[in-house]
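Reading through the structure tokens given below for one structure.
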Amino acid sequence: MSTPVPAGHLFGDASTELSSRRTGMSFQRTRLAADRTLMSVIRTSLSLISFGFTIHQVFERMKESGVIDHAGSGRNFGIALVLLGVVMLVIGIAYEAWFMHTLRKQRTAMANDRLVHAESPFPPSMTLITAILLLALGLVAITSMILHIGPFK
């Protein structure tokens, strides 16, 4: 057990104060590392979605212009790539949400134990917002490709 801190003092001495500040900053660095991981997922998902959509459209246009008789395999491959991108994005978003929840919980517990300052909140993640918007776009694209409805038919 640690010795009680006198009333009015959050931390006992300067080295403890500095240590708690460094630990607090490490939470921010960990959060940013998780955001960079989500950015990698976004980049890969965007590549899969756009490449799959392009393949699908190329084969559709080739069939419409009479260059090929059957475009099923190309269309199916394009749909599979878009679907893979969407699934990858869902998993990335779920992982980010779980990780941030766990990190916030740990930070709160350490703040309650007076091991870190918890003065700066975790702001909303622009990366997570971008991932959710890309997911919505991917779902619209896959719906349009499969059902031949919507803006991308």
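Each chain of the structure tokens is named A, B, ... in the order shown, its residues numbered from 1; ligands are numbered from 1 in display order.
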
At a cut-off of 12 Å, using only C-alpha atoms, what residues contact Ala94 of chain A? Leave out same-chain residues fewer than 2 positions from it and give the result as a list in words.
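Counting only C-alpha atoms, the residues come to Leu38, Val41, Val87, Met88, Leu89, Val90, Ile91, Gly92, Glu96, Ala97, Trp98, Phe99, Met100, His101, Leu128, Ala131, Ile132 and Leu135 of chain A.
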
For Tyr95 of chain A, the nearest of the candidates A:Ala34, A:Met25, A:Ala111, A:Leu46, counting only C-alpha atoms:
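Result for the nearest residue to Tyr95 of chain A: A:Ala34.
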
Could you pull the residues within 12 Å of Thr54 of chain A, counting only C-alpha atoms, minus those fewer than 3 positions along the same chain, as a list in words?
Leu46, Ser47, Leu48, Ile49, Ser50, Phe51, Gln57, Val58, Phe59, Glu60, Arg61, Gly74, Arg75, Phe77, Gly78, Ile79, Leu81, Val82, Ala141, Met145 and Phe152 of chain A

Expected file contents, prior selection, C-alpha atoms, as a PDB file, in the first residue's frame:
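Final file, part-v1.pdb:
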ATOM      1  CA  LEU A  46     -10.480   2.157 -49.484  1.00  0.00           C
ATOM      2  CA  SER A  47      -8.135   0.456 -51.943  1.00  0.00           C
ATOM      3  CA  LEU A  48     -10.171  -2.754 -51.896  1.00  0.00           C
ATOM      4  CA  ILE A  49     -13.504  -0.948 -52.225  1.00  0.00           C
ATOM      5  CA  SER A  50     -12.393   1.325 -55.054  1.00  0.00           C
ATOM      6  CA  PHE A  51     -10.550  -1.407 -56.940  1.00  0.00           C
ATOM      7  CA  GLN A  57     -17.922  -1.280 -63.549  1.00  0.00           C
ATOM      8  CA  VAL A  58     -15.401  -2.235 -66.261  1.00  0.00           C
ATOM      9  CA  PHE A  59     -16.983  -5.649 -66.740  1.00  0.00           C
ATOM     10  CA  GLU A  60     -20.493  -4.149 -66.709  1.00  0.00           C
ATOM     11  CA  ARG A  61     -19.555  -1.631 -69.408  1.00  0.00           C
ATOM     12  CA  GLY A  74     -15.523 -10.109 -63.210  1.00  0.00           C
ATOM     13  CA  ARG A  75     -18.559  -8.652 -61.491  1.00  0.00           C
ATOM     14  CA  PHE A  77     -14.702 -10.628 -58.211  1.00  0.00           C
ATOM     15  CA  GLY A  78     -15.392  -6.893 -57.917  1.00  0.00           C
ATOM     16  CA  ILE A  79     -18.217  -7.512 -55.464  1.00  0.00           C
ATOM     17  CA  LEU A  81     -13.270  -7.126 -53.197  1.00  0.00           C
ATOM     18  CA  VAL A  82     -15.757  -4.471 -52.091  1.00  0.00           C
ATOM     19  CA  ALA A 141     -21.568   0.810 -53.216  1.00  0.00           C
ATOM     20  CA  MET A 145     -23.546  -3.389 -57.197  1.00  0.00           C
ATOM     21  CA  PHE A 152     -23.682   3.701 -58.614  1.00  0.00           C
TER      22      PHE A 152
END
